[in-house]
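The data block below is model-v4.cif; it holds mmCIF, C-alpha atoms.
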```cif
data_final
#
loop_
_atom_site.label_atom_id
_atom_site.label_comp_id
_atom_site.auth_asym_id
_atom_site.auth_seq_id
_atom_site.Cartn_x
_atom_site.Cartn_y
_atom_site.Cartn_z
CA MET A 286 236.56 87.71 -61.84
CA GLU A 287 234.03 90.51 -61.84
CA GLU A 288 233.84 92.60 -64.99
CA ILE A 289 235.07 96.17 -64.93
CA PHE A 290 233.83 98.08 -67.97
CA ASP A 291 236.11 100.62 -69.58
CA THR A 292 233.22 103.02 -69.52
CA ILE A 293 229.69 103.06 -68.16
CA ILE A 294 227.31 105.50 -69.82
CA LEU A 295 224.32 106.62 -67.78
CA GLY A 296 221.60 107.56 -70.24
CA GLY A 297 220.47 106.23 -73.62
CA GLY A 298 219.45 109.36 -75.49
CA PRO A 299 221.38 110.70 -78.50
CA ALA A 300 224.31 111.79 -76.29
CA GLY A 301 224.58 108.43 -74.52
CA LEU A 302 224.10 106.38 -77.68
CA SER A 303 226.70 108.43 -79.58
CA ALA A 304 229.13 107.97 -76.72
CA GLY A 305 228.31 104.24 -76.84
CA ILE A 306 228.99 104.07 -80.58
CA TYR A 307 232.34 105.86 -80.31
CA ALA A 308 233.52 104.09 -77.17
CA SER A 309 232.63 100.59 -78.31
CA ARG A 310 234.01 101.19 -81.79
CA GLY A 311 237.20 102.34 -80.05
CA ARG A 312 237.41 98.85 -78.52
CA MET A 313 236.34 100.02 -75.06
CA SER A 314 234.13 97.60 -73.15
CA THR A 315 231.03 99.77 -72.89
CA LEU A 316 227.80 99.55 -70.93
CA ILE A 317 224.84 101.90 -71.32
CA LEU A 318 222.40 102.01 -68.40
CA ASN A 319 219.17 103.88 -69.12
CA GLU A 320 216.30 104.65 -66.78
CA GLY A 321 213.63 105.20 -69.44
CA THR A 322 213.07 104.20 -73.04
CA VAL A 323 216.34 104.02 -74.97
CA GLY A 324 216.44 107.04 -77.28
CA GLY A 325 215.56 109.65 -74.67
CA GLN A 326 213.53 112.67 -75.70
CA MET A 327 214.50 112.02 -79.32
CA VAL A 328 211.94 109.18 -79.51
CA LEU A 329 209.23 111.67 -78.63
CA THR A 330 209.84 113.75 -81.75
CA HIS A 331 207.48 113.07 -84.64
CA GLU A 332 209.88 114.24 -87.31
CA ILE A 333 213.52 115.30 -87.25
CA ALA A 334 214.12 117.24 -90.45
CA ASN A 335 217.41 118.99 -89.63
CA TYR A 336 219.70 116.07 -88.73
CA PRO A 337 222.48 116.37 -91.34
CA GLY A 338 222.66 113.53 -93.82
CA VAL A 339 219.11 112.38 -93.13
CA GLU A 340 216.32 114.12 -95.04
CA ALA A 341 213.50 113.49 -92.56
CA ILE A 342 213.05 110.74 -90.01
CA ASN A 343 210.93 110.19 -86.93
CA GLY A 344 212.81 110.25 -83.65
CA PHE A 345 211.89 106.68 -82.75
CA ALA A 346 213.41 105.36 -85.99
CA LEU A 347 216.60 107.42 -85.58
CA ALA A 348 216.98 106.18 -81.99
CA ASN A 349 216.59 102.59 -83.16
CA ILE A 350 219.33 103.06 -85.76
CA MET A 351 221.69 104.55 -83.16
CA LYS A 352 220.91 101.71 -80.75
CA LYS A 353 221.58 99.11 -83.42
CA GLN A 354 224.83 100.84 -84.40
CA ALA A 355 226.05 100.84 -80.80
CA ARG A 356 225.16 97.16 -80.34
CA THR A 357 226.88 96.28 -83.62
CA PHE A 358 230.14 97.60 -82.17
CA GLY A 359 229.70 95.51 -79.01
CA CYS A 360 228.06 97.99 -76.68
CA THR A 361 225.78 96.47 -74.01
CA ILE A 362 222.53 98.40 -73.48
CA LYS A 363 220.18 97.94 -70.53
CA GLY A 364 217.00 100.05 -70.43
CA ASN A 365 214.06 100.90 -68.16
CA LEU A 366 215.98 100.28 -64.96
CA ARG A 367 216.43 102.34 -61.81
CA ILE A 368 219.84 103.72 -60.86
CA THR A 369 219.92 103.65 -57.09
CA GLY A 370 223.52 104.41 -56.14
CA TYR A 371 226.67 106.13 -57.33
CA ASP A 372 230.30 106.01 -56.23
CA LEU A 373 232.17 108.12 -58.76
CA GLN A 374 235.38 108.62 -56.78
CA GLY A 375 238.55 106.56 -57.21
CA ASP A 376 239.96 104.59 -60.13
CA VAL A 377 237.00 102.21 -60.29
CA LYS A 378 233.52 103.79 -60.22
CA THR A 379 230.48 101.80 -59.10
CA ILE A 380 226.86 102.19 -60.14
CA GLU A 381 224.06 100.43 -58.25
CA VAL A 382 220.97 99.43 -60.21
CA ASN A 383 217.53 98.49 -58.87
CA GLY A 384 218.95 98.49 -55.34
CA LYS A 385 220.86 95.25 -55.87
CA ASP A 386 223.01 94.99 -59.00
CA ILE A 387 226.46 96.61 -59.01
CA TYR A 388 228.28 97.63 -62.19
CA LYS A 389 231.88 98.82 -62.19
CA GLY A 390 233.69 101.05 -64.66
CA ARG A 391 237.03 102.74 -65.13
CA SER A 392 235.20 105.82 -66.39
CA VAL A 393 231.63 107.10 -66.37
CA ILE A 394 229.83 109.28 -68.91
CA LEU A 395 226.76 111.00 -67.48
CA ALA A 396 224.06 111.57 -70.09
CA PRO A 397 220.78 111.45 -68.13
CA GLY A 398 219.04 114.07 -70.29
CA GLY A 399 216.08 116.11 -69.16
CA THR A 400 212.41 115.69 -68.27
CA PRO A 401 209.41 117.93 -69.02
CA ARG A 402 208.64 120.03 -65.99
CA THR A 403 205.31 119.54 -64.25
CA LEU A 404 203.48 122.16 -62.19
CA ASP A 405 203.41 120.04 -59.01
CA ILE A 406 200.13 121.52 -57.82
CA PRO A 407 197.10 119.77 -56.29
CA GLY A 408 195.12 117.65 -58.77
CA GLU A 409 197.84 117.30 -61.41
CA ASP A 410 198.31 113.55 -60.88
CA LYS A 411 194.58 112.89 -60.55
CA PHE A 412 193.62 114.56 -63.85
CA LYS A 413 196.58 113.43 -65.97
CA GLY A 414 194.91 111.86 -69.02
CA ARG A 415 191.53 113.13 -67.82
CA GLY A 416 191.95 116.71 -68.93
CA ILE A 417 195.62 117.42 -68.28
CA SER A 418 198.00 116.73 -71.15
CA TYR A 419 201.61 117.39 -72.07
CA CYS A 420 201.20 116.79 -75.82
CA ALA A 421 198.85 118.75 -78.10
CA THR A 422 199.69 116.59 -81.11
CA CYS A 423 198.67 113.44 -79.21
CA ASP A 424 195.59 114.59 -77.37
CA GLY A 425 194.37 117.70 -79.22
CA ASP A 426 191.45 115.93 -80.91
CA PHE A 427 189.94 114.93 -77.54
CA PHE A 428 189.27 118.64 -77.01
CA THR A 429 187.30 119.41 -80.15
CA ASP A 430 184.93 122.35 -79.47
CA LYS A 431 186.12 122.53 -75.87
CA LYS A 432 187.83 125.24 -73.79
CA VAL A 433 191.49 124.65 -72.99
CA ILE A 434 194.33 126.41 -71.23
CA VAL A 435 197.97 126.27 -72.33
CA VAL A 436 200.49 126.93 -69.57
CA GLY A 437 203.87 128.37 -70.55
CA GLY A 438 205.54 131.13 -72.53
CA GLY A 439 208.23 129.43 -74.60
CA ASN A 440 208.22 128.29 -78.21
CA SER A 441 206.55 124.96 -77.41
CA ALA A 442 203.70 126.59 -75.50
CA LEU A 443 202.90 129.14 -78.18
CA GLU A 444 203.27 126.76 -81.12
CA GLU A 445 201.13 124.11 -79.42
CA ALA A 446 198.52 126.75 -78.53
CA VAL A 447 198.21 127.67 -82.20
CA SER A 448 198.02 123.97 -83.11
CA LEU A 449 195.23 123.43 -80.56
CA THR A 450 193.04 126.08 -82.21
CA LYS A 451 192.38 123.47 -84.94
CA TYR A 452 190.32 121.59 -82.35
CA ALA A 453 189.41 123.72 -79.34
CA SER A 454 186.74 126.42 -79.32
CA GLU A 455 188.92 128.66 -77.17
CA VAL A 456 192.57 128.53 -76.09
CA THR A 457 193.81 130.61 -73.15
CA ILE A 458 197.53 130.96 -72.61
CA VAL A 459 198.47 131.43 -68.96
CA HIS A 460 202.01 132.69 -68.39
CA GLN A 461 203.84 133.76 -65.25
CA PHE A 462 205.61 136.78 -66.76
CA ASP A 463 204.37 139.92 -68.56
CA HIS A 464 206.25 138.89 -71.72
CA PHE A 465 207.01 135.65 -73.60
CA GLN A 466 210.33 133.80 -73.96
CA ALA A 467 209.29 132.41 -77.36
CA PHE A 468 210.69 133.68 -80.65
CA GLU A 469 208.95 136.75 -82.03
CA HIS A 470 207.37 134.90 -84.96
CA ALA A 471 205.73 132.39 -82.60
CA VAL A 472 204.39 135.19 -80.39
CA ASN A 473 203.05 137.09 -83.41
CA GLU A 474 201.33 134.00 -84.78
CA ALA A 475 199.62 133.33 -81.46
CA LYS A 476 198.57 136.96 -81.03
CA ALA A 477 197.09 137.02 -84.54
CA ASN A 478 194.94 133.96 -83.87
CA PRO A 479 191.38 135.02 -82.93
CA LYS A 480 190.78 131.87 -80.85
CA ILE A 481 193.68 132.60 -78.48
CA ARG A 482 193.49 134.89 -75.46
CA PHE A 483 196.15 135.61 -72.85
CA ILE A 484 196.32 135.73 -69.07
CA MET A 485 199.72 137.16 -68.15
CA GLU A 486 201.59 137.37 -64.83
CA SER A 487 199.53 134.47 -63.53
CA GLU A 488 200.06 130.89 -62.38
CA LEU A 489 197.78 127.89 -61.92
CA ARG A 490 197.31 126.88 -58.30
CA GLU A 491 194.89 123.92 -58.33
CA PHE A 492 193.01 121.54 -60.63
CA SER A 493 189.51 120.35 -59.71
CA GLY A 494 186.74 118.20 -61.17
CA ASP A 495 185.05 114.83 -60.83
CA GLU A 496 185.86 112.06 -63.30
CA LYS A 497 187.24 114.76 -65.59
CA LEU A 498 188.97 118.07 -65.11
CA ARG A 499 186.36 120.82 -64.75
CA ALA A 500 188.11 123.92 -63.40
CA VAL A 501 191.39 125.52 -62.38
CA LYS A 502 192.35 128.15 -59.82
CA ILE A 503 194.55 130.90 -61.22
CA GLU A 504 196.57 133.38 -59.16
CA TYR A 505 197.29 136.85 -60.55
CA LEU A 506 200.81 137.26 -59.20
CA PRO A 507 201.02 141.07 -58.74
CA THR A 508 198.03 141.09 -56.33
CA GLY A 509 197.74 137.46 -55.19
CA GLU A 510 194.08 137.43 -56.25
CA ILE A 511 192.80 133.94 -57.05
CA THR A 512 190.01 133.30 -59.53
CA GLU A 513 188.42 130.05 -60.66
CA MET A 514 187.99 129.30 -64.36
CA GLU A 515 185.91 126.51 -65.86
CA VAL A 516 187.91 124.56 -68.41
CA ASP A 517 187.89 121.19 -70.18
CA GLY A 518 191.61 120.74 -70.67
CA VAL A 519 195.00 122.07 -69.65
CA PHE A 520 198.15 121.58 -71.71
CA ILE A 521 201.39 122.12 -69.82
CA PHE A 522 204.57 123.27 -71.59
CA VAL A 523 206.84 124.77 -68.95
CA GLY A 524 210.20 123.57 -70.15
CA TYR A 525 212.59 120.81 -69.18
CA LYS A 526 214.74 120.17 -66.14
CA PRO A 527 218.01 118.21 -66.21
CA ASN A 528 217.79 114.76 -64.61
CA THR A 529 220.63 115.48 -62.24
CA GLU A 530 218.96 115.56 -58.83
CA PRO A 531 220.49 112.22 -57.72
CA LEU A 532 223.94 113.46 -58.80
CA LYS A 533 224.00 116.64 -56.72
CA ASP A 534 226.15 115.13 -53.95
CA HIS A 535 228.58 113.51 -56.41
CA ILE A 536 229.37 116.09 -59.06
CA ALA A 537 229.51 119.88 -59.52
CA LEU A 538 226.21 121.33 -60.74
CA ASN A 539 225.30 124.94 -61.40
CA GLU A 540 222.33 126.73 -59.81
CA TRP A 541 219.93 125.23 -62.42
CA GLY A 542 221.10 121.69 -61.74
CA GLU A 543 223.12 121.44 -64.96
CA ILE A 544 226.44 119.58 -64.87
CA VAL A 545 229.48 121.82 -65.22
CA VAL A 546 231.95 120.52 -67.83
CA ASP A 547 235.02 121.80 -69.68
CA PRO A 548 235.34 121.68 -73.50
CA GLN A 549 236.48 118.02 -73.26
CA MET A 550 233.24 117.26 -71.38
CA ARG A 551 235.20 116.54 -68.18
CA THR A 552 233.39 117.10 -64.89
CA ASN A 553 235.11 118.05 -61.65
CA VAL A 554 235.63 114.33 -60.84
CA GLU A 555 238.51 112.54 -62.57
CA GLY A 556 237.31 109.90 -65.02
CA VAL A 557 233.75 111.23 -65.06
CA TYR A 558 232.38 113.02 -68.13
CA ALA A 559 228.98 114.44 -69.04
CA ALA A 560 227.12 115.01 -72.30
CA GLY A 561 223.77 116.07 -73.72
CA ASP A 562 220.93 118.09 -72.25
CA CYS A 563 222.18 117.67 -68.68
CA VAL A 564 225.22 119.94 -69.18
CA VAL A 565 225.45 123.71 -69.15
CA LYS A 566 224.58 125.05 -72.61
CA ARG A 567 222.50 127.59 -74.50
CA TYR A 568 220.99 125.32 -77.18
CA ARG A 569 219.55 121.82 -76.82
CA GLN A 570 219.43 119.91 -80.11
CA VAL A 571 219.96 116.28 -81.16
CA THR A 572 223.04 117.28 -83.18
CA ILE A 573 224.57 119.01 -80.16
CA ALA A 574 223.89 116.03 -77.90
CA VAL A 575 225.50 113.76 -80.48
CA ALA A 576 228.60 116.00 -80.58
CA ASP A 577 228.76 116.11 -76.77
CA GLY A 578 228.59 112.32 -76.60
CA THR A 579 231.33 111.95 -79.17
CA ILE A 580 233.68 114.29 -77.29
CA ALA A 581 232.91 112.63 -73.96
CA ALA A 582 233.64 109.16 -75.39
CA LEU A 583 236.94 110.26 -76.95
CA SER A 584 237.99 111.96 -73.71
CA ALA A 585 237.04 108.89 -71.67
CA MET A 586 238.96 106.67 -74.08
CA GLU A 587 242.09 108.79 -73.71
CA TYR A 588 241.75 108.72 -69.92
CA VAL A 589 241.19 104.95 -69.71
CA ASN A 590 244.05 104.16 -72.11
CA SER A 591 246.45 106.37 -70.15
CA THR A 592 245.46 104.86 -66.79
CA LYS A 593 245.85 101.32 -68.22
CA GLN A 594 249.28 102.23 -69.55
CA LEU A 595 250.31 103.64 -66.17
CA GLU A 596 249.13 100.43 -64.48
CA GLN A 597 251.12 98.33 -66.96
CA GLU A 598 254.25 100.39 -66.41
CA ALA A 599 253.82 100.15 -62.66
CA GLY A 600 253.47 96.37 -62.99
CA GLN A 601 256.67 96.10 -64.98
CA VAL A 602 258.78 97.94 -62.39
CA MET B 251 200.96 99.63 -87.96
CA LEU B 252 202.83 100.89 -84.89
CA GLN B 253 206.63 100.77 -85.12
CA THR B 254 207.24 98.72 -81.99
CA ASN B 255 208.62 95.27 -81.30
CA LEU B 256 205.39 94.26 -79.57
CA LYS B 257 202.72 92.00 -81.01
CA HIS B 258 200.35 94.17 -83.07
CA ILE B 259 196.61 93.62 -82.82
CA GLU B 260 195.01 94.70 -86.06
CA SER B 261 191.32 93.76 -85.85
CA ALA B 262 188.49 93.39 -83.35
CA ASP B 263 188.42 89.66 -84.04
CA GLU B 264 192.13 89.32 -83.31
CA HIS B 265 191.65 91.36 -80.13
CA LYS B 266 188.81 89.06 -78.98
CA LYS B 267 190.83 85.93 -79.69
CA PHE B 268 193.91 87.32 -77.96
CA ILE B 269 192.18 88.23 -74.70
CA GLU B 270 190.17 84.98 -74.65
CA GLU B 271 193.13 82.70 -75.28
CA ASN B 272 195.45 84.32 -72.75
CA GLU B 273 194.78 84.61 -69.02
CA ASN B 274 196.76 87.83 -68.45
CA VAL B 275 196.93 90.49 -71.14
CA MET B 276 198.17 94.08 -71.36
CA ILE B 277 197.30 96.07 -74.50
CA CYS B 278 198.50 99.60 -75.14
CA CYS B 279 196.32 101.48 -77.64
CA GLY B 280 197.98 104.62 -78.97
CA ARG B 281 199.97 106.36 -81.68
CA MET B 282 203.69 106.88 -82.14
CA GLY B 283 203.52 109.97 -79.91
CA PRO B 284 205.49 111.24 -76.94
CA MET B 285 203.12 109.88 -74.32
CA CYS B 286 202.71 106.48 -76.01
CA VAL B 287 206.26 105.53 -77.02
CA PRO B 288 207.58 105.32 -73.44
CA VAL B 289 204.78 102.89 -72.53
CA TYR B 290 205.62 100.64 -75.51
CA GLY B 291 209.27 100.74 -74.38
CA ILE B 292 208.32 99.68 -70.86
CA MET B 293 206.23 96.79 -72.22
CA GLU B 294 209.10 95.61 -74.43
CA GLU B 295 211.40 95.67 -71.39
CA LEU B 296 208.94 93.73 -69.23
CA GLU B 297 208.08 91.02 -71.76
CA ASP B 298 210.98 88.79 -70.72
CA GLU B 299 210.33 89.27 -67.01
CA TYR B 300 206.54 88.83 -66.96
CA THR B 301 206.35 85.69 -69.04
CA HIS B 302 202.88 84.92 -67.64
CA VAL B 303 201.54 88.13 -69.23
CA LYS B 304 200.96 88.67 -72.95
CA PHE B 305 201.80 92.15 -74.21
CA ALA B 306 200.47 93.79 -77.37
CA ASP B 307 199.74 97.15 -78.94
CA MET B 308 196.89 98.40 -81.10
CA GLU B 309 196.85 101.51 -83.28
CA PHE B 310 194.42 104.07 -81.85
CA ASP B 311 193.32 105.22 -85.32
CA ASN B 312 192.49 101.69 -86.48
CA PRO B 313 188.65 101.66 -86.75
CA ASP B 314 188.57 98.30 -84.94
CA ALA B 315 190.29 99.89 -81.93
CA HIS B 316 186.77 100.87 -80.85
CA VAL B 317 186.98 97.69 -78.73
CA ILE B 318 189.33 99.68 -76.48
CA ARG B 319 188.32 103.29 -77.23
CA ASN B 320 184.68 102.60 -76.35
CA ALA B 321 185.24 100.28 -73.41
CA PRO B 322 183.28 101.58 -70.37
CA GLU B 323 186.49 101.46 -68.32
CA CYS B 324 187.97 104.04 -70.73
CA ALA B 325 185.07 106.47 -70.47
CA GLY B 326 186.40 109.92 -69.64
CA PHE B 327 189.88 109.16 -70.91
CA MET B 328 191.33 112.19 -72.72
CA GLY B 329 194.97 111.27 -73.09
CA LEU B 330 196.82 108.72 -75.17
CA PRO B 331 197.68 105.94 -74.80
CA PHE B 332 194.72 103.99 -73.43
CA THR B 333 196.32 101.02 -71.69
CA VAL B 334 194.04 98.14 -70.79
CA TYR B 335 194.73 95.08 -68.64
CA TYR B 336 192.62 91.91 -69.10
CA LYS B 337 192.23 88.88 -66.84
CA ASN B 338 190.45 85.93 -68.44
CA GLY B 339 189.02 88.23 -71.09
CA LYS B 340 187.68 90.86 -68.67
CA ILE B 341 189.13 94.32 -68.08
CA VAL B 342 190.60 94.59 -64.60
CA LYS B 343 192.35 97.94 -64.99
CA ALA B 344 192.66 100.75 -67.53
CA THR B 345 194.90 103.83 -67.54
CA SER B 346 195.08 106.98 -69.64
CA SER B 347 198.22 108.85 -70.77
CA ILE B 348 201.86 108.11 -70.02
CA GLN B 349 202.73 105.69 -67.20
CA SER B 350 206.05 105.04 -65.48
CA MET B 351 207.76 101.67 -65.14
CA GLU B 352 206.82 101.66 -61.45
CA GLU B 353 203.15 102.35 -62.22
CA VAL B 354 202.98 99.56 -64.82
CA ARG B 355 204.78 97.11 -62.53
CA ALA B 356 202.41 97.92 -59.67
CA ILE B 357 199.37 97.10 -61.82
CA LEU B 358 200.90 93.89 -63.21
CA ASP B 359 201.90 92.75 -59.72
CA GLU B 360 198.49 93.52 -58.26
CA HIS B 361 196.30 91.98 -60.94
CA PHE B 362 198.47 89.26 -62.45
CA LYS B 363 199.99 87.55 -59.41
CA GLN B 364 201.73 84.30 -60.23
#
```
Any chance you could put this one into structure tokens?
Amino acid sequence: MEEIFDTIILGGGPAGLSAGIYASRGRMSTLILNEGTVGGQMVLTHEIANYPGVEAINGFALANIMKKQARTFGCTIKGNLRITGYDLQGDVKTIEVNGKDIYKGRSVILAPGGTPRTLDIPGEDKFKGRGISYCATCDGDFFTDKKVIVVGGGNSALEEAVSLTKYASEVTIVHQFDHFQAFEHAVNEAKANPKIRFIMESELREFSGDEKLRAVKIEYLPTGEITEMEVDGVFIFVGYKPNTEPLKDHIALNEWGEIVVDPQMRTNVEGVYAAGDCVVKRYRQVTIAVADGTIAALSAMEYVNSTKQLEQEAGQV
Amino acid sequence: MLQTNLKHIESADEHKKFIEENENVMICCGRMGPMCVPVYGIMEELEDEYTHVKFADMEFDNPDAHVIRNAPECAGFMGLPFTVYYKNGKIVKATSSIQSMEEVRAILDEHFKQ
């Protein structure tokens, strides 16, 4: 007989792993399906210093502990696969993986997380790793004594711009608005740094070069004027988008693509829950994702237990 | 040493031996950073499937990693990790920065056909 899991969790970041820990410890047969590296964006964090109960730990290590905990309780985890189909309606939900494998569950917890936004302009793919970077900590030293641009106006962009001044001869922040979204202290620190200059109300339009990135085209938005600037590197920090595009025909999303949930993390589809960075919220932190995952697992457990009880009662009649 | 479950290459001699003794080799040379960790994860996932390929990592800041950092195929690379594919000891492909599962699979399938 084919296996029907009590819950299938889509996503293996802190929300999905926490849901996996709670669900499997609650004796639910639990499967986590994850499209990327298990651990989500948490594994990309060099140090997590504000996770209660843990003084300081790198994200990769914390993710490994969560993964081990979930497995200890009997949770099955499958990573780096491709989810190719969803049927979330009805009592038994089905998830298609890699275009061929079908997994069935009585409930589903959606925890697909988010992905760094790219600019999606000509040349971005070609010069990735050859001048375009998404991580100043990783690649900053390749740009020693070189001219770089940082794109973005949030905390990450401004903090990384300041960090890049340790290496680069000149850092230019290009931002689409006339003001920054970053906290005031981050803005002040960047403005006080003599190596940083600002191009406001502007967006990049094209990357060009040969074997390496050599120049970018920048549009000044109020007039549409385009200028070319010679540059050695561009660091892109333009925020994250929820990984919910494939879910848009299956579940209610808001205008930003975030999943709409109630305080019990229930979506608009019965038996389907959501947790983590993919849901509507103001703050995105590991602790909040963990809490979301916990609530989603407990809600799913209650739902599955009540449906099983109803089935038993119906069978006894 | 990198905190992965891959084989770690720790010296130039070990690197030479590894690529000479194995027909198909993929080595990811990086740090424990946001662009590198996903590639290690992909390699760990693929190890069981691509049994005819040997997977390993090498710490970018290890002085002996010059065997990868200074390879002509990596000239112009400005993003970690440097991922290098060897066939019979020779580099057949090298990539810079993060790669997706699909991108890694495409390279393995093209260069390391069974």
Would you kindly return, as a list in words, each protein, DNA or RNA residue with an atom no farther than 8 Å from any atom of Ala300 in chain A, considering all atoms listed in the file and excluding same-chain residues fewer than 2 positions away?
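Once the adjacent positions are removed, what remains is Gly296, Gly297, Gly298, Leu302, Ser303, Ala304, Ala396, Ala560, Gly561, Val571, Ala574, Val575, Ala576, Asp577, Gly578 and Thr579 of chain A.
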Which polymer residues, whether protein, DNA or RNA, lie within 12 Å of the coordinate (201.8, 87.4, -76.2) when you count all atoms listed in the file? List them as a PyMOL selection string, using the chain letters and numbers from the file.
chain B and resi 255-259+265+267-277+293-294+296-298+300-307
Shell of 12 Å around Glu323 in chain B, all atoms listed in the file, local chain residues under 3 positions omitted, as a list in words
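The residues that qualify are Glu496 of chain A; Val317, Ile318, Arg319, Asn320, Gly326, Phe327, Phe332, Thr333, Val334, Tyr335, Tyr336, Lys340, Ile341, Val342, Lys343, Ala344, Thr345 and Ser346 of chain B.
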Answer key for the PyMOL selection byres ((chain B) within 12 of (chain A)), residues as JSON, numbers by chain:
{"B": [252, 253, 254, 255, 280, 281, 282, 283, 284, 285, 286, 287, 288, 289, 290, 291, 292, 293, 294, 295, 296, 310, 311, 319, 323, 324, 325, 326, 327, 328, 329, 330, 331, 332, 333, 344, 345, 346, 347, 348, 349, 350, 351, 352, 354, 355]}
Provide the CA of Ile368 in chain A to CA of Thr292 in chain A distance in Å, to one decimal place.
16.0 Å
Point-to-point distance from CA of Cys563 in chain A to CA of Gly438 in chain A, Å rounded to tenths:
21.7 Å
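When all atoms listed in the file are used to measure the gap to Thr403 in chain A, the shortest distance among A:Val565, A:Ala308, A:Leu295, A:Val436 belongs to A:Val436.
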Would you write out, as a ChimeraX atom specification, every residue that the PyMOL selection byres ((chain A and resi 334) around 12) captures in this file?
/A:330-333,335-344,347,570-572
Tell me which residues the PyMOL selection byres ((chain A and resi 503) around 12) grabs here, as number ranges by chain.
A: 406, 434, 436, 457-461, 484-493, 500-502, 504-506, 508-516
Which is closer to Gly494 in chain A than all the others in A:Lys411, A:Cys360, A:Leu583, A:Leu395, using all atoms listed in the file?
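With all atoms listed in the file as the atom set, the closest residue is A:Lys411.
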